[in-house]
>>> print(open('coords_28.cif').read())   # mmCIF, C-alpha atoms
data_target
loop_
_atom_site.group_PDB
_atom_site.id
_atom_site.type_symbol
_atom_site.label_atom_id
_atom_site.label_comp_id
_atom_site.auth_asym_id
_atom_site.auth_seq_id
_atom_site.Cartn_x
_atom_site.Cartn_y
_atom_site.Cartn_z
ATOM 1 C CA MET M 483 14.863 21.517 35.641
ATOM 2 C CA LYS M 484 14.024 20.542 32.036
ATOM 3 C CA LYS M 485 13.608 23.545 29.735
ATOM 4 C CA LEU M 486 10.434 23.627 27.622
ATOM 5 C CA SER M 487 10.998 25.080 24.157
ATOM 6 C CA ILE M 488 8.358 27.147 22.381
ATOM 7 C CA SER M 489 8.658 25.017 19.234
ATOM 8 C CA GLY M 490 8.185 21.848 21.272
ATOM 9 C CA PHE M 491 5.087 23.264 22.931
ATOM 10 C CA PHE M 492 3.366 24.241 19.686
ATOM 11 C CA SER M 493 4.352 21.047 17.887
ATOM 12 C CA GLY M 494 1.684 19.291 19.941
ATOM 13 C CA PHE M 495 -0.957 21.237 18.040
ATOM 14 C CA ASN M 496 0.155 19.660 14.774
ATOM 15 C CA LYS M 497 -0.443 16.063 15.838
ATOM 16 C CA GLN M 498 -2.714 14.250 13.406
ATOM 17 C CA SER M 499 -4.835 11.129 13.819
ATOM 18 C CA GLN M 500 -6.503 9.301 10.910
ATOM 19 C CA THR M 501 -9.413 6.851 11.186
ATOM 20 C CA LEU M 502 -11.005 4.895 8.348
ATOM 21 C CA PHE M 503 -14.688 3.893 8.266
ATOM 22 C CA TRP M 504 -16.462 1.534 5.826
ATOM 23 C CA ILE M 505 -20.235 1.454 6.339
ATOM 24 C CA ASN M 506 -22.375 -1.389 5.028
ATOM 25 C CA GLY M 507 -25.818 -2.748 5.890
ATOM 26 C CA ARG M 508 -24.993 -4.759 9.018
ATOM 27 C CA SER M 509 -21.741 -3.338 10.346
ATOM 28 C CA ILE M 510 -19.062 -0.654 10.256
ATOM 29 C CA PHE M 511 -15.416 -1.548 9.650
ATOM 30 C CA VAL M 512 -12.959 0.726 11.457
ATOM 31 C CA VAL M 513 -9.199 1.121 11.023
ATOM 32 C CA ALA M 514 -7.655 3.285 13.751
ATOM 33 C CA GLY M 515 -3.860 3.281 13.684
ATOM 34 C CA LYS M 516 -2.794 -0.355 13.627
ATOM 35 C CA LYS M 517 -6.106 -1.583 15.048
ATOM 36 C CA ARG M 518 -8.872 -3.047 12.884
ATOM 37 C CA LYS M 519 -12.311 -3.680 14.327
ATOM 38 C CA THR M 520 -15.741 -4.674 13.006
ATOM 39 C CA HIS M 521 -18.755 -3.183 14.794
ATOM 40 C CA ARG M 522 -22.035 -4.999 14.255
ATOM 41 C CA PHE M 523 -25.005 -2.685 13.953
ATOM 42 C CA ILE M 524 -27.686 -2.616 16.599
ATOM 43 C CA THR M 525 -31.293 -1.935 15.596
ATOM 44 C CA ASN M 526 -32.297 1.666 14.912
ATOM 45 C CA ASN M 527 -28.681 2.617 14.161
ATOM 46 C CA GLY M 528 -29.603 5.426 11.778
ATOM 47 C CA PHE M 529 -28.121 3.828 8.636
ATOM 48 C CA LYS M 530 -29.834 2.053 5.742
ATOM 49 C CA ASP M 531 -28.361 0.703 2.492
ATOM 50 C CA GLY M 532 -24.966 2.162 3.415
ATOM 51 C CA ARG M 533 -26.491 5.612 3.749
ATOM 52 C CA ILE M 534 -27.676 7.911 6.530
ATOM 53 C CA ALA M 535 -31.393 7.356 7.172
ATOM 54 C CA ASP M 536 -31.704 9.142 10.541
ATOM 55 C CA PHE M 537 -29.112 11.797 11.343
ATOM 56 C CA SER M 538 -29.469 11.848 15.140
ATOM 57 C CA LYS M 539 -29.383 8.043 15.446
ATOM 58 C CA SER M 540 -26.422 7.697 13.075
ATOM 59 C CA LEU M 541 -24.611 10.418 15.043
ATOM 60 C CA LYS M 542 -25.102 8.437 18.245
ATOM 61 C CA THR M 543 -23.871 5.268 16.488
ATOM 62 C CA ILE M 544 -20.621 6.855 15.255
ATOM 63 C CA GLN M 545 -19.996 8.553 18.597
ATOM 64 C CA GLY M 546 -20.353 5.189 20.356
ATOM 65 C CA ILE M 547 -17.950 3.518 17.910
ATOM 66 C CA CYS M 548 -15.383 6.276 18.460
ATOM 67 C CA GLN M 549 -15.620 5.728 22.209
ATOM 68 C CA GLU M 550 -15.182 1.960 21.798
ATOM 69 C CA ASN M 551 -12.022 2.603 19.785
ATOM 70 C CA SER M 552 -10.725 5.121 22.363
ATOM 71 C CA LEU M 553 -10.530 7.882 19.766
ATOM 72 C CA LYS M 554 -9.806 11.247 21.343
ATOM 73 C CA ILE M 555 -12.267 13.171 19.238
ATOM 74 C CA GLY M 556 -12.549 16.850 20.144
ATOM 75 C CA ASN M 557 -9.035 17.064 21.623
ATOM 76 C CA PRO M 558 -7.795 20.556 20.575
ATOM 77 C CA LEU M 559 -4.208 19.240 20.371
ATOM 78 C CA VAL M 560 -5.113 16.596 17.760
ATOM 79 C CA LYS M 561 -6.352 17.120 14.209
ATOM 80 C CA ASN M 562 -8.626 14.101 13.728
ATOM 81 C CA LYS M 563 -9.195 13.021 10.132
ATOM 82 C CA ALA M 564 -11.915 10.596 8.994
ATOM 83 C CA ILE M 565 -11.767 8.724 5.689
ATOM 84 C CA VAL M 566 -15.256 7.354 5.008
ATOM 85 C CA PHE M 567 -16.021 4.782 2.313
ATOM 86 C CA ILE M 568 -19.477 5.240 0.786
ATOM 87 C CA PRO M 569 -21.525 3.718 -2.092
ATOM 88 C CA THR M 570 -20.351 4.851 -5.519
ATOM 89 C CA ASP M 571 -23.765 6.231 -6.514
ATOM 90 C CA SER M 572 -24.065 8.476 -3.439
ATOM 91 C CA SER M 573 -25.552 11.796 -4.492
ATOM 92 C CA PRO M 574 -23.910 15.177 -3.738
ATOM 93 C CA LEU M 575 -26.570 15.720 -1.054
ATOM 94 C CA GLU M 576 -25.812 12.365 0.569
ATOM 95 C CA GLN M 577 -22.101 13.155 0.492
ATOM 96 C CA SER M 578 -22.668 16.508 2.194
ATOM 97 C CA ILE M 579 -24.733 14.798 4.920
ATOM 98 C CA PHE M 580 -21.920 12.280 5.530
ATOM 99 C CA LYS M 581 -19.448 15.140 5.950
ATOM 100 C CA LYS M 582 -21.818 16.978 8.263
ATOM 101 C CA LEU M 583 -22.262 13.823 10.381
ATOM 102 C CA PHE M 584 -18.550 13.222 10.940
ATOM 103 C CA ARG M 585 -17.924 16.911 11.512
ATOM 104 C CA ARG M 586 -20.581 16.834 14.246
ATOM 105 C CA VAL M 587 -18.811 13.827 15.775
ATOM 106 C CA GLY M 588 -15.736 16.025 16.087
ATOM 107 C CA PHE M 589 -13.489 15.209 13.133
ATOM 108 C CA PHE M 590 -11.417 18.130 11.880
ATOM 109 C CA ASP M 591 -11.033 16.813 8.332
ATOM 110 C CA ILE M 592 -13.389 14.440 6.450
ATOM 111 C CA GLU M 593 -12.525 12.733 3.170
ATOM 112 C CA LEU M 594 -15.060 10.570 1.334
ATOM 113 C CA ARG M 595 -13.924 7.586 -0.737
ATOM 114 C CA LYS M 596 -16.310 5.805 -3.077
ATOM 115 C CA TYR M 597 -16.287 2.015 -3.207
ATOM 116 C CA GLU M 598 -15.067 2.082 -6.815
ATOM 117 C CA THR M 599 -12.060 4.193 -5.774
ATOM 118 C CA ALA M 600 -10.995 1.591 -3.229
ATOM 119 C CA PHE M 601 -11.243 -1.228 -5.758
ATOM 120 C CA HIS M 602 -9.467 0.746 -8.466
ATOM 121 C CA ALA M 603 -6.633 1.451 -6.023
ATOM 122 C CA PHE M 604 -6.377 -2.247 -5.195
ATOM 123 C CA LEU M 605 -6.244 -3.197 -8.881
ATOM 124 C CA ALA M 606 -3.541 -0.597 -9.550
ATOM 125 C CA LYS M 607 -1.531 -1.753 -6.540
ATOM 126 C CA GLN M 608 -1.634 -5.311 -7.897
ATOM 127 C CA ALA M 609 -0.391 -4.002 -11.266
ATOM 128 C CA TYR M 610 -3.638 -4.892 -13.055
ATOM 129 C CA GLU M 611 -4.039 -2.678 -16.091
ATOM 130 C CA LYS M 612 -7.690 -3.637 -16.464
ATOM 131 C CA GLY M 613 -10.246 -5.566 -14.459
ATOM 132 C CA VAL M 614 -13.667 -5.813 -12.894
ATOM 133 C CA PHE M 615 -14.680 -5.580 -9.258
ATOM 134 C CA ALA M 616 -17.848 -7.011 -7.727
ATOM 135 C CA TYR M 617 -18.860 -5.807 -4.279
ATOM 136 C CA ILE M 618 -21.757 -7.844 -2.914
ATOM 137 C CA GLY M 619 -22.799 -5.865 0.129
ATOM 138 C CA GLN M 620 -25.370 -6.484 2.823
ATOM 139 C CA GLU M 621 -27.930 -4.160 1.280
ATOM 140 C CA ILE M 622 -26.274 -2.554 -1.732
ATOM 141 C CA SER M 623 -24.040 -4.133 -4.389
ATOM 142 C CA GLU M 624 -22.125 -2.793 -7.345
ATOM 143 C CA ILE M 625 -19.825 -3.877 -10.150
ATOM 144 C CA GLY M 626 -17.179 -1.669 -11.763
ATOM 145 C CA VAL M 627 -15.113 -2.007 -14.940
ATOM 146 C CA PHE M 628 -11.648 -0.409 -15.007
ATOM 147 C CA SER M 629 -8.772 0.327 -17.363
ATOM 148 C CA ASN M 630 -6.293 3.182 -17.739
ATOM 149 C CA GLN M 631 -8.635 4.860 -20.230
ATOM 150 C CA LEU M 632 -12.106 4.002 -18.908
ATOM 151 C CA GLN M 633 -13.931 3.533 -15.630
ATOM 152 C CA GLN M 634 -17.609 2.753 -15.107
ATOM 153 C CA SER M 635 -19.625 1.335 -12.206
ATOM 154 C CA PHE M 636 -23.054 -0.297 -12.099
ATOM 155 C CA ILE M 637 -25.468 -0.871 -9.234
ATOM 156 C CA ILE M 638 -26.697 -4.480 -9.368
ATOM 157 C CA TYR M 639 -29.845 -5.970 -7.880
ATOM 158 C CA TYR M 640 -28.283 -8.738 -5.846
ATOM 159 C CA SER M 641 -27.346 -8.450 -2.161
ATOM 160 C CA LEU M 642 -26.479 -10.590 0.840
ATOM 161 C CA LYS M 643 -29.679 -9.435 2.528
ATOM 162 C CA GLU M 644 -31.710 -10.790 -0.377
ATOM 163 C CA ALA M 645 -29.742 -14.053 -0.360
ATOM 164 C CA ILE M 646 -30.360 -14.463 3.388
ATOM 165 C CA GLU M 647 -34.092 -13.867 2.944
ATOM 166 C CA GLU M 648 -34.338 -16.352 0.049
ATOM 167 C CA THR M 649 -32.370 -18.982 1.996
ATOM 168 C CA SER M 650 -34.505 -18.562 5.120
ATOM 169 C CA TYR M 651 -37.733 -18.713 3.098
ATOM 170 C CA PHE M 652 -36.639 -21.856 1.230
ATOM 171 C CA PHE M 653 -35.768 -23.769 4.400
ATOM 172 C CA ARG M 654 -38.947 -22.675 6.152
ATOM 173 C CA GLU M 655 -41.170 -23.707 3.238
ATOM 174 C CA GLN M 656 -39.364 -26.799 1.969
ATOM 175 C CA HIS M 657 -37.828 -28.267 5.132
ATOM 176 C CA LEU M 658 -39.981 -26.748 7.917
ATOM 177 C CA PHE M 659 -36.742 -25.433 9.347
ATOM 178 C CA GLU M 660 -36.315 -21.942 10.816
ATOM 179 C CA LEU M 661 -32.882 -20.316 10.423
ATOM 180 C CA SER M 662 -31.393 -17.265 12.109
ATOM 181 C CA ALA M 663 -30.005 -14.611 9.757
ATOM 182 C CA ASP M 664 -26.411 -15.524 10.658
ATOM 183 C CA VAL M 665 -26.981 -19.247 10.039
ATOM 184 C CA ALA M 666 -28.734 -18.504 6.743
ATOM 185 C CA LEU M 667 -25.762 -16.387 5.618
ATOM 186 C CA ASP M 668 -23.256 -19.096 6.573
ATOM 187 C CA LEU M 669 -25.320 -21.720 4.752
ATOM 188 C CA TYR M 670 -25.555 -19.539 1.641
ATOM 189 C CA GLN M 671 -21.798 -18.942 1.591
ATOM 190 C CA GLU M 672 -21.109 -22.678 2.094
ATOM 191 C CA MET M 673 -23.171 -23.417 -1.009
ATOM 192 C CA GLY M 674 -20.721 -21.208 -2.863
ATOM 193 C CA ARG M 675 -17.639 -22.812 -1.330
ATOM 194 C CA GLN M 676 -18.758 -26.436 -1.714
ATOM 195 C CA GLY M 677 -20.934 -26.326 -4.834
ATOM 196 C CA GLU M 678 -22.367 -29.726 -5.755
ATOM 197 C CA LYS M 679 -20.325 -31.357 -2.963
ATOM 198 C CA PHE M 680 -22.391 -29.428 -0.422
ATOM 199 C CA SER M 681 -22.938 -31.121 2.943
ATOM 200 C CA LEU M 682 -23.533 -29.168 6.121
ATOM 201 C CA VAL M 683 -24.792 -29.678 9.659
ATOM 202 C CA VAL M 684 -27.269 -26.880 10.381
ATOM 203 C CA ARG M 685 -28.805 -25.786 13.671
ATOM 204 C CA GLY M 686 -32.215 -24.138 13.728
ATOM 205 C CA ARG M 687 -35.780 -24.583 14.955
ATOM 206 C CA ASN M 688 -38.545 -26.895 13.860
ATOM 207 C CA SER M 689 -41.237 -24.735 12.237
ATOM 208 C CA ARG M 690 -44.052 -26.783 13.774
ATOM 209 C CA ASN M 691 -43.071 -26.888 17.434
ATOM 210 C CA GLN M 692 -40.229 -24.297 17.533
ATOM 211 C CA GLU M 693 -37.924 -26.775 19.234
ATOM 212 C CA LEU M 694 -34.185 -26.513 18.581
ATOM 213 C CA GLN M 695 -33.081 -28.988 15.954
ATOM 214 C CA THR M 696 -29.799 -30.013 14.322
ATOM 215 C CA SER M 697 -29.970 -31.550 10.852
ATOM 216 C CA THR M 698 -27.569 -32.463 8.043
ATOM 217 C CA PHE M 699 -28.375 -31.224 4.538
ATOM 218 C CA SER M 700 -26.824 -32.379 1.256
ATOM 219 C CA PHE M 701 -26.743 -30.707 -2.157
ATOM 220 C CA LYS M 702 -29.911 -32.571 -3.141
ATOM 221 C CA ASP M 703 -31.715 -30.782 -0.287
ATOM 222 C CA VAL M 704 -30.600 -27.314 -1.412
ATOM 223 C CA GLU M 705 -30.350 -27.782 -5.191
ATOM 224 C CA PRO M 706 -33.563 -25.826 -6.016
ATOM 225 C CA LEU M 707 -32.326 -22.908 -3.895
ATOM 226 C CA PHE M 708 -28.845 -23.137 -5.423
ATOM 227 C CA SER M 709 -30.265 -23.027 -8.964
ATOM 228 C CA PHE M 710 -32.605 -20.134 -8.156
ATOM 229 C CA LEU M 711 -29.839 -17.971 -6.651
ATOM 230 C CA GLN M 712 -27.409 -18.938 -9.392
ATOM 231 C CA LYS M 713 -29.831 -17.694 -12.051
ATOM 232 C CA LYS M 714 -30.253 -14.368 -10.225
ATOM 233 C CA ALA M 715 -26.484 -13.897 -9.901
ATOM 234 C CA MET M 716 -25.791 -14.903 -13.508
ATOM 235 C CA LYS M 717 -28.413 -12.428 -14.726
ATOM 236 C CA GLU M 718 -26.441 -9.601 -13.102
ATOM 237 C CA ILE M 719 -23.095 -10.950 -14.338
ATOM 238 C CA ASP M 720 -24.400 -11.279 -17.911
ATOM 239 C CA SER M 721 -25.821 -7.759 -17.867
ATOM 240 C CA VAL M 722 -22.326 -6.423 -17.144
ATOM 241 C CA ILE M 723 -20.556 -8.703 -19.634
ATOM 242 C CA GLN M 724 -22.920 -7.522 -22.378
ATOM 243 C CA ASN M 725 -22.272 -3.861 -21.536
ATOM 244 C CA ASN M 726 -20.268 -1.926 -24.127
ATOM 245 C CA SER M 727 -17.769 -0.726 -21.491
ATOM 246 C CA PHE M 728 -16.973 -4.327 -20.576
ATOM 247 C CA LYS M 729 -16.556 -5.304 -24.215
ATOM 248 C CA MET M 730 -14.237 -2.346 -24.883
ATOM 249 C CA ILE M 731 -11.975 -3.148 -21.939
ATOM 250 C CA ASN M 732 -12.163 -6.947 -22.181
ATOM 251 C CA PRO M 733 -10.873 -7.353 -18.577
ATOM 252 C CA ASP M 734 -8.870 -10.417 -17.684
ATOM 253 C CA ARG M 735 -9.723 -10.689 -13.984
ATOM 254 C CA TRP M 736 -12.583 -10.139 -11.530
ATOM 255 C CA ILE M 737 -12.045 -9.043 -7.922
ATOM 256 C CA ILE M 738 -14.832 -10.229 -5.609
ATOM 257 C CA LEU M 739 -15.589 -8.937 -2.132
ATOM 258 C CA GLY M 740 -18.209 -10.347 0.185
ATOM 259 C CA ASP M 741 -19.610 -13.414 -1.538
ATOM 260 C CA ASP M 742 -18.353 -16.976 -2.091
ATOM 261 C CA PHE M 743 -21.547 -17.877 -3.936
ATOM 262 C CA PHE M 744 -21.100 -15.055 -6.443
ATOM 263 C CA LYS M 745 -17.501 -16.206 -7.005
ATOM 264 C CA ASN M 746 -18.781 -19.746 -7.632
ATOM 265 C CA CYS M 747 -21.054 -18.362 -10.351
ATOM 266 C CA LEU M 748 -18.143 -16.530 -11.970
ATOM 267 C CA ASP M 749 -15.972 -19.639 -11.848
ATOM 268 C CA SER M 750 -18.733 -21.684 -13.487
ATOM 269 C CA SER M 751 -18.862 -19.125 -16.313
ATOM 270 C CA LYS M 752 -15.076 -19.539 -16.850
ATOM 271 C CA GLU M 753 -14.254 -16.035 -15.609
ATOM 272 C CA LYS M 754 -10.997 -15.663 -13.648
ATOM 273 C CA SER M 755 -11.711 -14.319 -10.172
ATOM 274 C CA LEU M 756 -9.931 -13.411 -6.964
ATOM 275 C CA LYS M 757 -11.831 -13.169 -3.674
ATOM 276 C CA LEU M 758 -10.855 -10.677 -0.971
ATOM 277 C CA LYS M 759 -11.453 -11.631 2.650
ATOM 278 C CA SER M 760 -13.066 -8.409 3.835
ATOM 279 C CA GLU M 761 -13.373 -4.661 3.368
ATOM 280 C CA PHE M 762 -10.174 -4.283 5.410
ATOM 281 C CA ASP M 763 -8.197 -5.531 2.384
ATOM 282 C CA LEU M 764 -9.271 -2.391 0.524
ATOM 283 C CA MET M 765 -9.219 0.103 3.381
ATOM 284 C CA GLN M 766 -5.587 -0.456 4.269
ATOM 285 C CA GLY M 767 -4.337 0.520 0.832
ATOM 286 C CA VAL M 768 -5.876 3.979 0.818
ATOM 287 C CA GLU M 769 -2.934 5.913 2.303
ATOM 288 C CA TRP M 770 -0.721 5.603 -0.779
ATOM 289 C CA LEU M 771 -3.313 7.054 -3.168
#
>>> encode(input="coords_28.cif", output="structure tokens")
Amino acid sequence: MKKLSISGFFSGFNKQSQTLFWINGRSIFVVAGKKRKTHRFITNNGFKDGRIADFSKSLKTIQGICQENSLKIGNPLVKNKAIVFIPTDSSPLEQSIFKKLFRRVGFFDIELRKYETAFHAFLAKQAYEKGVFAYIGQEISEIGVFSNQLQQSFIIYYSLKEAIEETSYFFREQHLFELSADVALDLYQEMGRQGEKFSLVVRGRNSRNQELQTSTFSFKDVEPLFSFLQKKAMKEIDSVIQNNSFKMINPDRWIILGDDFFKNCLDSSKEKSLKLKSEFDLMQGVEWL
């Protein structure tokens, strides 16, 4: 018969499990162990602009996500830790509500990471002594300037939600073509990837009879929209470039997350930029901080 040692029995109580959450306007990115998963938000999820708008609904949302990821929350033998990425300008009250939410879910330890912290860690890991990050989120966006001596972040008034709405409105008014939000986002991003070489087959509905329709659009068809969005993006970029913090640091590289169109605008202004694929690129580097 195998002998059970006292030390072996109590070692089970020291087992730790860490889960990372990044909350944006349309989804939550989750890293649990070696698994990475994106959860698209359903309506009435309890979150708005990357923040908690309805506590009970957001609690239900996080509990459901934990179940989908088979997280054993509430297991007395496991100390569950949650690292939650939140907007940089989150107030102390908002931060306390985030901690309360994840504690109610059942996490033993909750650590909040601001967006700017994740970007700064990425820049340091890449051996950049100074730089700028631009996070174009679904509902909230921010830009941060970094060096060894200075760090400052700015909320900017440019988001993917706004870009989707402008794209949908333009096609409805100018081409009598109704787009879903997902198609409008893809079309917007393709304008950034292709620029003046833009050509895309788009599926939507005819605004007059609501019948499904597939049409091909060239740059000439979207040029007014392209110019309008470019001016809005460049206004935000210029406001940062003219800031004293930017001038003091004189960064040599931009890191972009979330937006090919925004990167296109930076490239056209001769700024060096690197685009990250998704929030997962930042989340994975948090452990070494």
>>> closest_residue(input="coords_28.cif", among="M:Leu553, M:Leu642, M:Leu694, M:Ala616", to="Lys757 of chain M", atoms="all atoms listed in the file")
M:Ala616
>>> atom_distance(input="coords_28.cif", atom1="atom CA of Lys752 of chain M", atom2="atom CA of Asn732 of chain M")
14.0 Å
>>> resolve_selection(input="coords_28.cif", expression="the PyMOL selection byres ((chain M and resi 593) around 8)", output="PDB file with C-alpha atoms, in the coordinates of the input")
ATOM      1  CA  LYS M 563      -9.195  13.021  10.132  1.00  0.00           C
ATOM      2  CA  ALA M 564     -11.915  10.596   8.994  1.00  0.00           C
ATOM      3  CA  ILE M 565     -11.767   8.724   5.689  1.00  0.00           C
ATOM      4  CA  VAL M 566     -15.256   7.354   5.008  1.00  0.00           C
ATOM      5  CA  LYS M 581     -19.448  15.140   5.950  1.00  0.00           C
ATOM      6  CA  ASP M 591     -11.033  16.813   8.332  1.00  0.00           C
ATOM      7  CA  ILE M 592     -13.389  14.440   6.450  1.00  0.00           C
ATOM      8  CA  LEU M 594     -15.060  10.570   1.334  1.00  0.00           C
ATOM      9  CA  ARG M 595     -13.924   7.586  -0.737  1.00  0.00           C
TER      10      ARG M 595
END
>>> atom_distance(input="coords_28.cif", atom1="atom CA of Ala606 of chain M", atom2="atom CA of Leu758 of chain M")
15.1 Å
>>> residues_around(input="coords_28.cif", residues="Ser689 of chain M", least_positions_apart="2", cutoff="12 Å", atoms="only C-alpha atoms", output="compact mmCIF listing (two decimals) with C-alpha atoms, in the coordinates of the input")
# COMPACT_ATOMS: atom_id res chain seq x y z
CA SER M 650 -34.51 -18.56 5.12
CA TYR M 651 -37.73 -18.71 3.10
CA PHE M 653 -35.77 -23.77 4.40
CA ARG M 654 -38.95 -22.68 6.15
CA GLU M 655 -41.17 -23.71 3.24
CA GLN M 656 -39.36 -26.80 1.97
CA HIS M 657 -37.83 -28.27 5.13
CA LEU M 658 -39.98 -26.75 7.92
CA PHE M 659 -36.74 -25.43 9.35
CA GLU M 660 -36.32 -21.94 10.82
CA LEU M 661 -32.88 -20.32 10.42
CA GLY M 686 -32.22 -24.14 13.73
CA ARG M 687 -35.78 -24.58 14.96
CA ASN M 691 -43.07 -26.89 17.43
CA GLN M 692 -40.23 -24.30 17.53
CA GLU M 693 -37.92 -26.78 19.23
CA LEU M 694 -34.18 -26.51 18.58
CA GLN M 695 -33.08 -28.99 15.95
>>> residues_around(input="coords_28.cif", residues="Lys745 of chain M", least_positions_apart="4", cutoff="8 Å", atoms="all atoms listed in the file", output="PDB file with C-alpha atoms, keeping the file's coordinate frame")
ATOM      1  CA  GLY M 674     -20.721 -21.208  -2.863  1.00  0.00           C
ATOM      2  CA  ILE M 738     -14.832 -10.229  -5.609  1.00  0.00           C
ATOM      3  CA  ASP M 741     -19.610 -13.414  -1.538  1.00  0.00           C
ATOM      4  CA  ASP M 749     -15.972 -19.639 -11.848  1.00  0.00           C
ATOM      5  CA  SER M 755     -11.711 -14.319 -10.172  1.00  0.00           C
ATOM      6  CA  LYS M 757     -11.831 -13.169  -3.674  1.00  0.00           C
TER       7      LYS M 757
END
>>> resolve_selection(input="coords_28.cif", expression="the PyMOL selection byres ((chain M and resi 568) around 8)", output="PDB file with C-alpha atoms, in the coordinates of the input")
ATOM      1  CA  TRP M 504     -16.462   1.534   5.826  1.00  0.00           C
ATOM      2  CA  ILE M 505     -20.235   1.454   6.339  1.00  0.00           C
ATOM      3  CA  GLY M 532     -24.966   2.162   3.415  1.00  0.00           C
ATOM      4  CA  ARG M 533     -26.491   5.612   3.749  1.00  0.00           C
ATOM      5  CA  VAL M 566     -15.256   7.354   5.008  1.00  0.00           C
ATOM      6  CA  PHE M 567     -16.021   4.782   2.313  1.00  0.00           C
ATOM      7  CA  PRO M 569     -21.525   3.718  -2.092  1.00  0.00           C
ATOM      8  CA  THR M 570     -20.351   4.851  -5.519  1.00  0.00           C
ATOM      9  CA  SER M 572     -24.065   8.476  -3.439  1.00  0.00           C
ATOM     10  CA  LEU M 594     -15.060  10.570   1.334  1.00  0.00           C
ATOM     11  CA  ARG M 595     -13.924   7.586  -0.737  1.00  0.00           C
ATOM     12  CA  LYS M 596     -16.310   5.805  -3.077  1.00  0.00           C
ATOM     13  CA  TYR M 597     -16.287   2.015  -3.207  1.00  0.00           C
TER      14      TYR M 597
END
>>> closest_residue(input="coords_28.cif", among="M:Ile524, M:Ile547, M:Ala514, M:Val704", to="Gln676 of chain M", atoms="only C-alpha atoms")
M:Val704
>>> atom_distance(input="coords_28.cif", atom1="atom CA of Lys702 of chain M", atom2="atom CA of Glu648 of chain M")
17.1 Å
>>> resolve_selection(input="coords_28.cif", expression="the PyMOL selection byres ((chain M and resi 712) around 10)", output="list in words")
Gly674, Pro706, Leu707, Phe708, Ser709, Phe710, Leu711, Lys713, Lys714, Ala715, Met716, Lys717, Phe743, Phe744, Asn746, Cys747, Leu748 and Ser750 of chain M
>>> residues_around(input="coords_28.cif", residues="segment 619-632 of chain M", least_positions_apart="4", cutoff="10 Å", atoms="all atoms listed in the file", output="number ranges by chain")
M: 505-509, 530-533, 569-571, 597-599, 601-602, 605-606, 610-615, 636-646, 718-719, 722-723, 725, 727-733, 736-741
>>> write_last_selection(input="coords_28.cif", atoms="C-alpha atoms", output="CSV table (one decimal), in the coordinates of the input")
chain,number,residue,atom,x,y,z
M,505,ILE,CA,-20.2,1.5,6.3
M,506,ASN,CA,-22.4,-1.4,5.0
M,507,GLY,CA,-25.8,-2.7,5.9
M,508,ARG,CA,-25.0,-4.8,9.0
M,509,SER,CA,-21.7,-3.3,10.3
M,530,LYS,CA,-29.8,2.1,5.7
M,531,ASP,CA,-28.4,0.7,2.5
M,532,GLY,CA,-25.0,2.2,3.4
M,533,ARG,CA,-26.5,5.6,3.7
M,569,PRO,CA,-21.5,3.7,-2.1
M,570,THR,CA,-20.4,4.9,-5.5
M,571,ASP,CA,-23.8,6.2,-6.5
M,597,TYR,CA,-16.3,2.0,-3.2
M,598,GLU,CA,-15.1,2.1,-6.8
M,599,THR,CA,-12.1,4.2,-5.8
M,601,PHE,CA,-11.2,-1.2,-5.8
M,602,HIS,CA,-9.5,0.7,-8.5
M,605,LEU,CA,-6.2,-3.2,-8.9
M,606,ALA,CA,-3.5,-0.6,-9.6
M,610,TYR,CA,-3.6,-4.9,-13.1
M,611,GLU,CA,-4.0,-2.7,-16.1
M,612,LYS,CA,-7.7,-3.6,-16.5
M,613,GLY,CA,-10.2,-5.6,-14.5
M,614,VAL,CA,-13.7,-5.8,-12.9
M,615,PHE,CA,-14.7,-5.6,-9.3
M,636,PHE,CA,-23.1,-0.3,-12.1
M,637,ILE,CA,-25.5,-0.9,-9.2
M,638,ILE,CA,-26.7,-4.5,-9.4
M,639,TYR,CA,-29.8,-6.0,-7.9
M,640,TYR,CA,-28.3,-8.7,-5.8
M,641,SER,CA,-27.3,-8.4,-2.2
M,642,LEU,CA,-26.5,-10.6,0.8
M,643,LYS,CA,-29.7,-9.4,2.5
M,644,GLU,CA,-31.7,-10.8,-0.4
M,645,ALA,CA,-29.7,-14.1,-0.4
M,646,ILE,CA,-30.4,-14.5,3.4
M,718,GLU,CA,-26.4,-9.6,-13.1
M,719,ILE,CA,-23.1,-11.0,-14.3
M,722,VAL,CA,-22.3,-6.4,-17.1
M,723,ILE,CA,-20.6,-8.7,-19.6
M,725,ASN,CA,-22.3,-3.9,-21.5
M,727,SER,CA,-17.8,-0.7,-21.5
M,728,PHE,CA,-17.0,-4.3,-20.6
M,729,LYS,CA,-16.6,-5.3,-24.2
M,730,MET,CA,-14.2,-2.3,-24.9
M,731,ILE,CA,-12.0,-3.1,-21.9
M,732,ASN,CA,-12.2,-6.9,-22.2
M,733,PRO,CA,-10.9,-7.4,-18.6
M,736,TRP,CA,-12.6,-10.1,-11.5
M,737,ILE,CA,-12.0,-9.0,-7.9
M,738,ILE,CA,-14.8,-10.2,-5.6
M,739,LEU,CA,-15.6,-8.9,-2.1
M,740,GLY,CA,-18.2,-10.3,0.2
M,741,ASP,CA,-19.6,-13.4,-1.5
>>> residues_around(input="coords_28.cif", residues="Leu682 of chain M", least_positions_apart="5", cutoff="12 Å", atoms="all atoms listed in the file", output="short mmCIF file (atom, residue, chain, number, x, y, z; two decimals) with C-alpha atoms, in the frame of the given file")
data_model
loop_
_atom_site.label_atom_id
_atom_site.label_comp_id
_atom_site.auth_asym_id
_atom_site.auth_seq_id
_atom_site.Cartn_x
_atom_site.Cartn_y
_atom_site.Cartn_z
CA VAL M 665 -26.98 -19.25 10.04
CA ALA M 666 -28.73 -18.50 6.74
CA ASP M 668 -23.26 -19.10 6.57
CA LEU M 669 -25.32 -21.72 4.75
CA TYR M 670 -25.56 -19.54 1.64
CA GLN M 671 -21.80 -18.94 1.59
CA GLU M 672 -21.11 -22.68 2.09
CA MET M 673 -23.17 -23.42 -1.01
CA ARG M 675 -17.64 -22.81 -1.33
CA GLN M 676 -18.76 -26.44 -1.71
CA GLY M 677 -20.93 -26.33 -4.83
CA THR M 696 -29.80 -30.01 14.32
CA SER M 697 -29.97 -31.55 10.85
CA THR M 698 -27.57 -32.46 8.04
CA PHE M 699 -28.38 -31.22 4.54
CA SER M 700 -26.82 -32.38 1.26
CA PHE M 701 -26.74 -30.71 -2.16
CA LYS M 702 -29.91 -32.57 -3.14
CA ASP M 703 -31.72 -30.78 -0.29
CA VAL M 704 -30.60 -27.31 -1.41
#
